[in-house]
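What follows is one structure encoded as structure tokens, with my remarks underneath.
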Amino acid sequence: MGCDGGTIPKRHELVKGPKKVEKVDKNAELAARWKYCALSQEKLRRPIVACDLGRFYNKDAVIEYLLDKSAERPNVEAAAHIRGIKDVKELNLTDNPAWEGERTNTKGDRYEDMHCAMFICPVVGLEMNGKHKFCFLKTCGCVFSERALKEVKTEICHKCGDPFEEGDIILLNGTKEEVEKLKQRMEERRAKAKAGKKSKKSKGAETVSKADDSQAPGPSSSASSSASSAASSSATSDPSKATKASSSAVGSKRSIQDMADKSEAFKSLFTSHSSAKRTKDQTSNWITHTPYHF
């Protein structure tokens, strides 16, 4: 049986079956997580930073987000936990020597490896393309594969030599369960930092209060105050004594030129030195020219 124009329809065109579930391409998903910024959805370019949850960001995108959080962005939820630039760490990545760029196969006449990555592990040499687990150290920002940290167990960074602890290792682009664990660790770390700041403030307040108590007036201070008041009363009763005391105080000031322990170069910096004084021949007579002079 044909339709208009002599076409013969097929069964799948007439009978509608159940819709197939669309599957996400694994290669595209890996490329989106390991080659693109989680905030701006742009390609990763140096400087690259990572958060406590193990997500990649371009540093300029994070700075723009922190400067203006009200602007519309494609994926703001990925950076909702970032409060400041201290919440991210700049990564120290190792370049892949086999990486030739994105547009090497423009003609389509050669094989293009989709799993070739820009960066590799400096210890084992695994490519950071999503097929292997990678992590970075929060202390220095160096990136290694999980296999390298398991096989070569050490408390010093393999690349820069900085010491680190097990809590400083953060997994990059982990599963949902791993991200939840990292989130709990991040909240615990922030709670500890907050408690530490409160304890420091309380200690500072205690030291200030102790200093105020030590400066409280005691018997010695009262005696000194009474002595000073007696001296002031005697000065007011006898003005000649007050003038003598002031003249003696003025006389006690020594000139820098009279100090024997000072060098001649140091004394020449001041206007009281002989080199700074001009003779009569060096002084000039100033004449003001006015219309009445001519």
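For the structure tokens, the naming scheme is as follows: chains receive sequential letters (A, B, ...) according to their order of presentation, residues are indexed from 1 within each chain, and ligands are indexed from 1 in presentation order.
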Write out as a PDB file with N, CA and C atoms, in the first residue's frame the residues lying within 7 Å of segment 44-47 of chain A, counting only C-alpha atoms and excluding same-chain residues fewer than 3 positions away.
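Just written: part.pdb:
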```pdb
ATOM      1  N   LYS A  35      38.211  19.407  30.896  1.00  0.00           N
ATOM      2  CA  LYS A  35      38.787  20.375  29.962  1.00  0.00           C
ATOM      3  C   LYS A  35      38.117  21.728  29.982  1.00  0.00           C
ATOM      4  N   TYR A  36      37.021  21.871  30.754  1.00  0.00           N
ATOM      5  CA  TYR A  36      36.267  23.125  30.756  1.00  0.00           C
ATOM      6  C   TYR A  36      36.093  23.625  32.189  1.00  0.00           C
ATOM      7  N   CYS A  37      35.966  24.928  32.313  1.00  0.00           N
ATOM      8  CA  CYS A  37      35.765  25.565  33.615  1.00  0.00           C
ATOM      9  C   CYS A  37      34.374  25.239  34.133  1.00  0.00           C
ATOM     10  N   ASN A  58      38.751  28.503  35.860  1.00  0.00           N
ATOM     11  CA  ASN A  58      39.697  29.516  35.409  1.00  0.00           C
ATOM     12  C   ASN A  58      39.768  30.607  36.475  1.00  0.00           C
ATOM     13  N   LYS A  59      40.963  31.040  36.811  1.00  0.00           N
ATOM     14  CA  LYS A  59      41.112  31.989  37.913  1.00  0.00           C
ATOM     15  C   LYS A  59      40.413  33.312  37.626  1.00  0.00           C
ATOM     16  N   GLU A  90      45.594  27.681  43.451  1.00  0.00           N
ATOM     17  CA  GLU A  90      46.147  27.630  42.087  1.00  0.00           C
ATOM     18  C   GLU A  90      46.941  26.342  41.917  1.00  0.00           C
TER      19      GLU A  90
END
```
For this session: Using backbone DSSP assignments, extract all alpha helix (DSSP H) residues from segment 23-238 of chain A; output them as a VMD selection string.
Result: chain A and resid 26 to 34 59 to 67 146 to 151 176 to 214 219 to 237
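Among A:Asn27, A:Gln41, A:Gln257, A:Asn75, the residue with the shortest atom-to-atom distance to Asp113 of chain A, counting only C-alpha atoms, is A:Asn27.
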Can you pull out the residues contacting Ile170 of chain A? Cut-off 7 Å, using only C-alpha atoms, and skip same-chain residues under 3 positions away; I want them as an mmCIF file with all heavy atoms, in the first residue's frame.
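Resulting contents of result.cif:
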```cif
data_model
loop_
_atom_site.group_PDB
_atom_site.id
_atom_site.type_symbol
_atom_site.label_atom_id
_atom_site.label_comp_id
_atom_site.auth_asym_id
_atom_site.auth_seq_id
_atom_site.Cartn_x
_atom_site.Cartn_y
_atom_site.Cartn_z
ATOM 1 N N ASP A 52 37.761 23.255 47.227
ATOM 2 C CA ASP A 52 37.835 22.157 48.201
ATOM 3 C C ASP A 52 37.007 20.953 47.782
ATOM 4 O O ASP A 52 37.160 19.876 48.369
ATOM 5 C CB ASP A 52 37.369 22.642 49.572
ATOM 6 C CG ASP A 52 38.334 23.638 50.188
ATOM 7 O OD1 ASP A 52 39.516 23.610 49.790
ATOM 8 O OD2 ASP A 52 37.914 24.436 51.047
ATOM 9 N N GLY A 54 37.109 19.823 44.618
ATOM 10 C CA GLY A 54 37.818 19.198 43.514
ATOM 11 C C GLY A 54 37.328 19.598 42.141
ATOM 12 O O GLY A 54 37.455 18.803 41.198
ATOM 13 N N CYS A 135 44.444 13.917 42.056
ATOM 14 C CA CYS A 135 44.206 14.728 43.249
ATOM 15 C C CYS A 135 45.302 15.793 43.336
ATOM 16 O O CYS A 135 46.348 15.696 42.685
ATOM 17 C CB CYS A 135 44.170 13.874 44.511
ATOM 18 S SG CYS A 135 45.536 12.714 44.647
ATOM 19 N N PHE A 136 45.034 16.812 44.140
ATOM 20 C CA PHE A 136 46.013 17.872 44.323
ATOM 21 C C PHE A 136 46.210 18.116 45.821
ATOM 22 O O PHE A 136 45.366 17.772 46.649
ATOM 23 C CB PHE A 136 45.576 19.163 43.613
ATOM 24 C CG PHE A 136 44.497 19.936 44.321
ATOM 25 C CD1 PHE A 136 44.813 20.984 45.170
ATOM 26 C CD2 PHE A 136 43.159 19.626 44.138
ATOM 27 C CE1 PHE A 136 43.831 21.702 45.823
ATOM 28 C CE2 PHE A 136 42.165 20.339 44.774
ATOM 29 C CZ PHE A 136 42.500 21.381 45.626
ATOM 30 N N LEU A 137 47.362 18.698 46.144
ATOM 31 C CA LEU A 137 47.719 18.990 47.524
ATOM 32 C C LEU A 137 47.327 20.425 47.842
ATOM 33 O O LEU A 137 47.687 21.353 47.116
ATOM 34 C CB LEU A 137 49.222 18.794 47.746
ATOM 35 C CG LEU A 137 49.786 17.424 47.363
ATOM 36 C CD1 LEU A 137 51.277 17.372 47.634
ATOM 37 C CD2 LEU A 137 49.069 16.317 48.113
#
```
Problem set entry | Test item: residues at most 9 Å from Met118 of chain A, only C-alpha atoms, excluding those fewer than 4 positions along its chain, as a PyMOL selection string | chain A and resi 35+94-101+127-129
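Those residues that approach Gly141 of chain A to within 8 Å, counting only C-alpha atoms, are Lys89, Glu90, Leu91 and Asn92 of chain A; same-chain residues fewer than 6 positions away are not listed.
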Please dump the current selection as a compact mmCIF listing (two decimals), in the first residue's frame; keep N, CA and C atoms.
```txt
# COMPACT_ATOMS: atom_id res chain seq x y z
N LYS A 89 42.68 27.12 45.26
CA LYS A 89 44.13 26.97 45.23
C LYS A 89 44.60 26.88 43.79
N GLU A 90 45.59 27.68 43.45
CA GLU A 90 46.15 27.63 42.09
C GLU A 90 46.94 26.34 41.92
N LEU A 91 46.67 25.64 40.81
CA LEU A 91 47.25 24.31 40.59
C LEU A 91 48.60 24.41 39.89
N ASN A 92 49.50 23.55 40.31
CA ASN A 92 50.83 23.43 39.70
C ASN A 92 50.79 22.19 38.80
```
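Taking atom CA of Phe144 of chain A as the reference point, atom CA of Val49 of chain A is found at 14.7 Å.
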For this session: Tell me which protein, DNA and RNA residues are within 9 Å of Ala31 of chain A, counting only C-alpha atoms, leaving out same-chain ones fewer than 6 positions away, and put them as a VMD selection string.
Result: chain A and resid 114 to 115 129 to 130
Exercise. Where in segment 47-134 of chain A does DSSP assign strand (DSSP E or B), given as number ranges by chain?
Worked result: A: 48-50, 56-58, 89-90, 92, 94-95, 119-120, 127, 134
Can you write out the residues you just picked, keeping N, CA, C and O atoms, as a PDB file, in the first residue's frame?
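Writing the result to again-v1.pdb gives the following:
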```pdb
ATOM      1  N   ILE A  48      44.974  28.015  36.364  1.00  0.00           N
ATOM      2  CA  ILE A  48      43.838  27.147  36.695  1.00  0.00           C
ATOM      3  C   ILE A  48      43.826  26.933  38.205  1.00  0.00           C
ATOM      4  O   ILE A  48      44.867  26.676  38.814  1.00  0.00           O
ATOM      5  N   VAL A  49      42.639  27.056  38.811  1.00  0.00           N
ATOM      6  CA  VAL A  49      42.494  26.867  40.253  1.00  0.00           C
ATOM      7  C   VAL A  49      41.493  25.746  40.509  1.00  0.00           C
ATOM      8  O   VAL A  49      40.729  25.356  39.616  1.00  0.00           O
ATOM      9  N   ALA A  50      41.502  25.232  41.731  1.00  0.00           N
ATOM     10  CA  ALA A  50      40.566  24.184  42.146  1.00  0.00           C
ATOM     11  C   ALA A  50      40.064  24.512  43.542  1.00  0.00           C
ATOM     12  O   ALA A  50      40.770  25.138  44.348  1.00  0.00           O
ATOM     13  N   PHE A  56      37.446  22.207  38.732  1.00  0.00           N
ATOM     14  CA  PHE A  56      38.370  23.069  38.001  1.00  0.00           C
ATOM     15  C   PHE A  56      37.691  24.400  37.680  1.00  0.00           C
ATOM     16  O   PHE A  56      36.510  24.451  37.305  1.00  0.00           O
ATOM     17  N   TYR A  57      38.475  25.496  37.787  1.00  0.00           N
ATOM     18  CA  TYR A  57      37.998  26.825  37.411  1.00  0.00           C
ATOM     19  C   TYR A  57      39.142  27.598  36.753  1.00  0.00           C
ATOM     20  O   TYR A  57      40.316  27.367  37.068  1.00  0.00           O
ATOM     21  N   ASN A  58      38.751  28.503  35.860  1.00  0.00           N
ATOM     22  CA  ASN A  58      39.697  29.516  35.409  1.00  0.00           C
ATOM     23  C   ASN A  58      39.768  30.607  36.475  1.00  0.00           C
ATOM     24  O   ASN A  58      38.734  31.036  37.003  1.00  0.00           O
ATOM     25  N   LYS A  89      42.678  27.121  45.259  1.00  0.00           N
ATOM     26  CA  LYS A  89      44.126  26.967  45.233  1.00  0.00           C
ATOM     27  C   LYS A  89      44.600  26.878  43.793  1.00  0.00           C
ATOM     28  O   LYS A  89      44.053  26.100  42.996  1.00  0.00           O
ATOM     29  N   GLU A  90      45.594  27.681  43.451  1.00  0.00           N
ATOM     30  CA  GLU A  90      46.147  27.630  42.087  1.00  0.00           C
ATOM     31  C   GLU A  90      46.941  26.342  41.917  1.00  0.00           C
ATOM     32  O   GLU A  90      47.777  25.988  42.743  1.00  0.00           O
ATOM     33  N   ASN A  92      49.501  23.554  40.308  1.00  0.00           N
ATOM     34  CA  ASN A  92      50.830  23.428  39.697  1.00  0.00           C
ATOM     35  C   ASN A  92      50.793  22.186  38.805  1.00  0.00           C
ATOM     36  O   ASN A  92      51.065  21.078  39.256  1.00  0.00           O
ATOM     37  N   THR A  94      51.555  19.706  35.337  1.00  0.00           N
ATOM     38  CA  THR A  94      52.680  19.263  34.500  1.00  0.00           C
ATOM     39  C   THR A  94      52.188  19.075  33.073  1.00  0.00           C
ATOM     40  O   THR A  94      51.228  18.334  32.831  1.00  0.00           O
ATOM     41  N   ASP A  95      52.813  19.761  32.117  1.00  0.00           N
ATOM     42  CA  ASP A  95      52.385  19.697  30.717  1.00  0.00           C
ATOM     43  C   ASP A  95      52.656  18.322  30.116  1.00  0.00           C
ATOM     44  O   ASP A  95      53.639  17.644  30.457  1.00  0.00           O
ATOM     45  N   PHE A 119      47.576  17.718  30.387  1.00  0.00           N
ATOM     46  CA  PHE A 119      48.459  17.577  31.536  1.00  0.00           C
ATOM     47  C   PHE A 119      48.593  16.097  31.896  1.00  0.00           C
ATOM     48  O   PHE A 119      47.715  15.288  31.589  1.00  0.00           O
ATOM     49  N   ILE A 120      49.693  15.785  32.571  1.00  0.00           N
ATOM     50  CA  ILE A 120      49.970  14.407  32.984  1.00  0.00           C
ATOM     51  C   ILE A 120      50.439  14.405  34.437  1.00  0.00           C
ATOM     52  O   ILE A 120      50.733  15.461  35.027  1.00  0.00           O
ATOM     53  N   GLU A 127      47.907  10.314  31.827  1.00  0.00           N
ATOM     54  CA  GLU A 127      47.279  11.525  31.311  1.00  0.00           C
ATOM     55  C   GLU A 127      46.045  11.876  32.138  1.00  0.00           C
ATOM     56  O   GLU A 127      45.286  11.000  32.548  1.00  0.00           O
ATOM     57  N   PHE A 134      42.758  11.659  39.819  1.00  0.00           N
ATOM     58  CA  PHE A 134      43.816  12.614  40.121  1.00  0.00           C
ATOM     59  C   PHE A 134      43.433  13.405  41.371  1.00  0.00           C
ATOM     60  O   PHE A 134      42.244  13.549  41.688  1.00  0.00           O
TER      61      PHE A 134
END
```
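The coordinates place atom CA of Ile82 of chain A at 7.6 Å from atom CA of Cys51 of chain A.
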